[in-house]
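Student: For reference, the structure I am asking about is given below.
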Amino acid sequence: MKTIDWYFDFISPFAYLASERLDRLPRDVEPRPVPVLFGGILHHWQTLGPAEIEPMRRFTFRHVAWLAGRHGIHLEMPPEHPFNPLKLLRLCIAGGSDVAITRRLFRFVWAEGRSADNPQHWQALTEELGLDDADNLIGAAAVKDELRQNTERAIAAGLFGVPSFVVDDEIFWGFDSMDFLLDYLADPGLLRAPEISAADAMPAGPQRPR
């Protein structure tokens, strides 16, 4: 069994779409969910998220709605976006960060259109998961530390966005890179192809001042 790291944040609709297509992975490949704080990654790279740039925000949610329909994935937008994903990320860690709880939390946001900031929604979710002491669990130092360490490890690995799949130290970023990932899993020599090697060697031109 080959394990690949799957980095995500519940704030990302593209990560939700990817979570609904994990069944496309080969049977001998197991994704290991790694919740990270997308905002921390953006801060490190000094960039903005798609929802923070108004014209990109409009296109992004149009694109997400189109992709969901195209792939037969049920989508119901949350009450607002962006939102603070910390409670959900920490709940995922407190619940074991396995595929089942990860997909359940994604569906809570993006298939049911619910919010962790809504007390009724939150209580129903935590009761369903059998985490009645959720508020204490997500406040535990060990849970907070794990989320921070996950995010730091993602940055150290060179991640710049979510969702990202990492296999053999190679990063496959975004829902639309899943076909690229599947082709790599079928043929790890793919990245040594001349056209891809040439892309890797692309020289950098003049840089905008920061």
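Residues are named by chain letter and number: chains run A, B, ... in the order of the structure tokens, numbers start at 1 in each chain, and ligands are numbered from 1 in the order shown.
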With a distance cut-off of 8 Å and only C-alpha atoms, select the neighbouring residues of range 79-94 of chain A, excluding the residue or stretch itself and same-chain residues fewer than 4 positions from it, and output the selection as a CSV table (one decimal) with N, CA and C atoms, in the first residue's frame.
Tutor:
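And here is the file that came out, out.csv:
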```
chain,number,residue,atom,x,y,z
A,9,ASP,N,-7.7,22.4,3.6
A,9,ASP,CA,-8.3,23.3,4.6
A,9,ASP,C,-9.8,23.3,4.2
A,10,PHE,N,-10.7,23.2,5.2
A,10,PHE,CA,-12.1,23.2,4.9
A,10,PHE,C,-12.6,24.5,4.3
A,11,ILE,N,-11.8,25.5,4.3
A,11,ILE,CA,-12.2,26.8,3.7
A,11,ILE,C,-12.2,26.7,2.2
A,35,PRO,N,-4.8,18.1,7.8
A,35,PRO,CA,-5.4,19.5,7.9
A,35,PRO,C,-4.4,20.5,8.1
A,36,VAL,N,-4.4,21.6,7.4
A,36,VAL,CA,-3.5,22.8,7.5
A,36,VAL,C,-4.3,24.1,7.5
A,37,LEU,N,-3.7,25.1,8.0
A,37,LEU,CA,-4.4,26.4,7.9
A,37,LEU,C,-3.9,27.1,6.7
A,51,ALA,N,-10.7,34.2,-2.8
A,51,ALA,CA,-11.8,34.9,-2.3
A,51,ALA,C,-11.5,36.3,-1.8
A,98,ASP,N,-8.9,11.1,10.1
A,98,ASP,CA,-9.0,10.1,9.0
A,98,ASP,C,-9.8,10.5,7.9
A,101,ILE,N,-13.8,11.2,8.8
A,101,ILE,CA,-14.2,12.5,9.4
A,101,ILE,C,-13.9,13.7,8.6
A,102,THR,N,-12.8,13.6,7.8
A,102,THR,CA,-12.5,14.7,6.9
A,102,THR,C,-13.6,14.9,5.9
A,105,LEU,N,-16.7,16.4,7.5
A,105,LEU,CA,-16.6,17.9,7.8
A,105,LEU,C,-16.7,18.7,6.5
A,113,GLY,N,-24.1,23.3,3.4
A,113,GLY,CA,-24.2,24.7,3.6
A,113,GLY,C,-24.2,25.2,5.0
A,114,ARG,N,-23.6,24.5,5.9
A,114,ARG,CA,-23.7,24.8,7.3
A,114,ARG,C,-22.4,25.5,7.8
A,115,SER,N,-22.5,26.1,9.0
A,115,SER,CA,-21.4,26.8,9.6
A,115,SER,C,-21.1,26.3,11.0
A,116,ALA,N,-19.8,26.2,11.3
A,116,ALA,CA,-19.4,25.8,12.6
A,116,ALA,C,-19.6,27.0,13.6
A,134,ALA,N,-16.5,18.4,22.4
A,134,ALA,CA,-15.8,19.0,21.3
A,134,ALA,C,-15.1,20.3,21.7
A,137,LEU,N,-12.1,19.6,23.5
A,137,LEU,CA,-11.1,18.8,22.7
A,137,LEU,C,-10.4,19.8,21.8
A,138,ILE,N,-11.1,20.7,21.1
A,138,ILE,CA,-10.4,21.5,20.1
A,138,ILE,C,-9.6,22.6,20.8
A,143,VAL,N,-3.8,19.5,20.2
A,143,VAL,CA,-4.6,19.7,19.0
A,143,VAL,C,-4.1,21.0,18.3
A,144,LYS,N,-4.0,22.1,19.0
A,144,LYS,CA,-3.5,23.3,18.4
A,144,LYS,C,-2.1,23.1,17.9
A,146,GLU,N,-0.6,20.4,16.8
A,146,GLU,CA,-0.6,19.5,15.6
A,146,GLU,C,-1.0,20.3,14.4
A,147,LEU,N,-2.0,21.2,14.5
A,147,LEU,CA,-2.4,22.0,13.4
A,147,LEU,C,-1.3,22.9,13.0
```
Student: From a DSSP pass on the backbone, collect the residues of range 1-209 of chain A flagged as alpha helix (DSSP H) and hand them back as a ChimeraX atom specification.
Tutor: /A:13-19,38-45,54-71,86-94,99-110,119-128,134-138,141-156,178-186,194-200
Student: Could you please write out, as a compact mmCIF listing (two decimals) with all heavy atoms, in the first residue's frame, every residue of range 87-192 of chain A that DSSP assigns to strand (DSSP E)?
Tutor:
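Wrote it out as states-v7.txt, contents follow:
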```
# COMPACT_ATOMS: atom_id res chain seq x y z
N SER A 164 -3.54 19.95 -1.85
CA SER A 164 -2.29 19.47 -2.44
C SER A 164 -2.08 18.02 -2.04
O SER A 164 -2.27 17.67 -0.87
CB SER A 164 -1.10 20.31 -1.98
OG SER A 164 -1.07 21.57 -2.60
N PHE A 165 -1.69 17.22 -3.02
CA PHE A 165 -1.29 15.84 -2.76
C PHE A 165 0.22 15.78 -2.91
O PHE A 165 0.77 16.32 -3.88
CB PHE A 165 -1.95 14.89 -3.76
CG PHE A 165 -3.45 14.80 -3.63
CD1 PHE A 165 -4.27 15.64 -4.36
CD2 PHE A 165 -4.03 13.88 -2.78
CE1 PHE A 165 -5.65 15.56 -4.25
CE2 PHE A 165 -5.41 13.79 -2.65
CZ PHE A 165 -6.23 14.64 -3.39
N VAL A 166 0.88 15.13 -1.97
CA VAL A 166 2.33 15.01 -2.01
C VAL A 166 2.69 13.53 -2.02
O VAL A 166 2.31 12.78 -1.11
CB VAL A 166 3.00 15.73 -0.83
CG1 VAL A 166 4.52 15.53 -0.88
CG2 VAL A 166 2.67 17.21 -0.85
N VAL A 167 3.42 13.14 -3.05
CA VAL A 167 3.87 11.76 -3.18
C VAL A 167 5.30 11.79 -3.70
O VAL A 167 5.61 12.53 -4.65
CB VAL A 167 2.93 10.96 -4.11
CG1 VAL A 167 2.75 11.63 -5.46
CG2 VAL A 167 3.42 9.53 -4.29
N GLU A 170 6.86 15.03 -4.44
CA GLU A 170 6.32 15.81 -5.56
C GLU A 170 4.94 16.34 -5.17
O GLU A 170 4.14 15.64 -4.57
CB GLU A 170 6.20 14.95 -6.83
CG GLU A 170 7.50 14.34 -7.31
CD GLU A 170 8.47 15.38 -7.88
OE1 GLU A 170 8.06 16.55 -8.06
OE2 GLU A 170 9.62 15.01 -8.14
N ILE A 171 4.68 17.61 -5.52
CA ILE A 171 3.43 18.28 -5.16
C ILE A 171 2.48 18.31 -6.36
O ILE A 171 2.87 18.71 -7.47
CB ILE A 171 3.70 19.71 -4.69
CG1 ILE A 171 4.59 19.71 -3.44
CG2 ILE A 171 2.39 20.46 -4.41
CD1 ILE A 171 5.08 21.09 -3.05
N PHE A 172 1.25 17.90 -6.12
CA PHE A 172 0.19 18.00 -7.13
C PHE A 172 -0.90 18.88 -6.51
O PHE A 172 -1.59 18.45 -5.59
CB PHE A 172 -0.33 16.61 -7.51
CG PHE A 172 0.71 15.76 -8.17
CD1 PHE A 172 1.62 15.03 -7.41
CD2 PHE A 172 0.81 15.73 -9.55
CE1 PHE A 172 2.60 14.26 -8.01
CE2 PHE A 172 1.79 14.96 -10.17
CZ PHE A 172 2.69 14.23 -9.40
N TRP A 173 -1.01 20.10 -7.01
CA TRP A 173 -1.85 21.11 -6.39
C TRP A 173 -3.15 21.31 -7.16
O TRP A 173 -3.16 21.44 -8.38
CB TRP A 173 -1.10 22.45 -6.35
CG TRP A 173 -1.96 23.63 -6.03
CD1 TRP A 173 -2.69 23.85 -4.91
CD2 TRP A 173 -2.17 24.78 -6.87
NE1 TRP A 173 -3.36 25.05 -4.98
CE2 TRP A 173 -3.05 25.65 -6.18
CE3 TRP A 173 -1.71 25.15 -8.14
CZ2 TRP A 173 -3.48 26.85 -6.72
CZ3 TRP A 173 -2.13 26.36 -8.67
CH2 TRP A 173 -3.01 27.21 -7.95
```
Student: Which residue gives the smallest distance to Met77 in chain A among A:Arg104, A:Pro13, A:Arg57, A:Ala140, with only C-alpha atoms counted?
Tutor: A:Pro13
Student: Near range 68-71 of chain A, counting only C-alpha atoms, which residues have an atom at most 12 Å away, once you skip same-chain residues fewer than 2 positions from it, shown as a list in words?
Tutor: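 Here the qualifying residues turn out to be Pro13, Phe14, Ala15, Tyr16, Leu17, Ala18, Ser19, Glu20, Arg21, Phe61, Arg62, His63, Val64, Ala65, Trp66, Ile73, His74, Leu75, Glu76, Met77, Trp110, Ala111, Phe175 and Asp176 of chain A.
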Student: When distances are computed from only C-alpha atoms, which of A:Thr60, A:Thr126, A:Asn136, A:Thr151 shows the smallest separation from His44 in chain A?
Tutor: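 Among the listed residues, A:Thr151 lies closest to His44 in chain A.
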Student: Find, counting only C-alpha atoms, the residue in A:Pro78, A:Pro31, A:Gly205, A:Gly40 that gets nearest to Leu159 in chain A.
Tutor: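 The shortest atom-to-atom distance to Leu159 in chain A comes from A:Gly40.
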Student: Here is a test: counting only C-alpha atoms, which residue of A:Leu67, A:Ala124, A:Val29, A:Val162 is nearest to Phe108 in chain A?
Tutor: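 For Phe108 in chain A, the nearest of the given residues is A:Ala124.
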Student: Between CA of Gly189 in chain A and CA of Phe8 in chain A, what is the spacing in Å?
Tutor: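 Taking CA of Phe8 in chain A as the start and CA of Gly189 in chain A as the end point, the length is 26.3 Å.
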Student: How many Å separate CA of Gly174 in chain A from CA of Gly161 in chain A?
Tutor: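 Going from CA of Gly174 in chain A over to CA of Gly161 in chain A, I get 7.6 Å.
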Student: For CA of Leu42 in chain A and CA of Glu54 in chain A, quote the distance in Å rounded to one decimal.
Tutor: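 Straight-line distance from CA of Leu42 in chain A to CA of Glu54 in chain A works out to 16.7 Å.
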Student: With only C-alpha atoms as the atoms that count, which of A:Met1, A:Met56, A:Leu185, A:Ile196 lies nearest to Arg24 in chain A?
Tutor: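 Smallest distance to Arg24 in chain A is found for A:Leu185.
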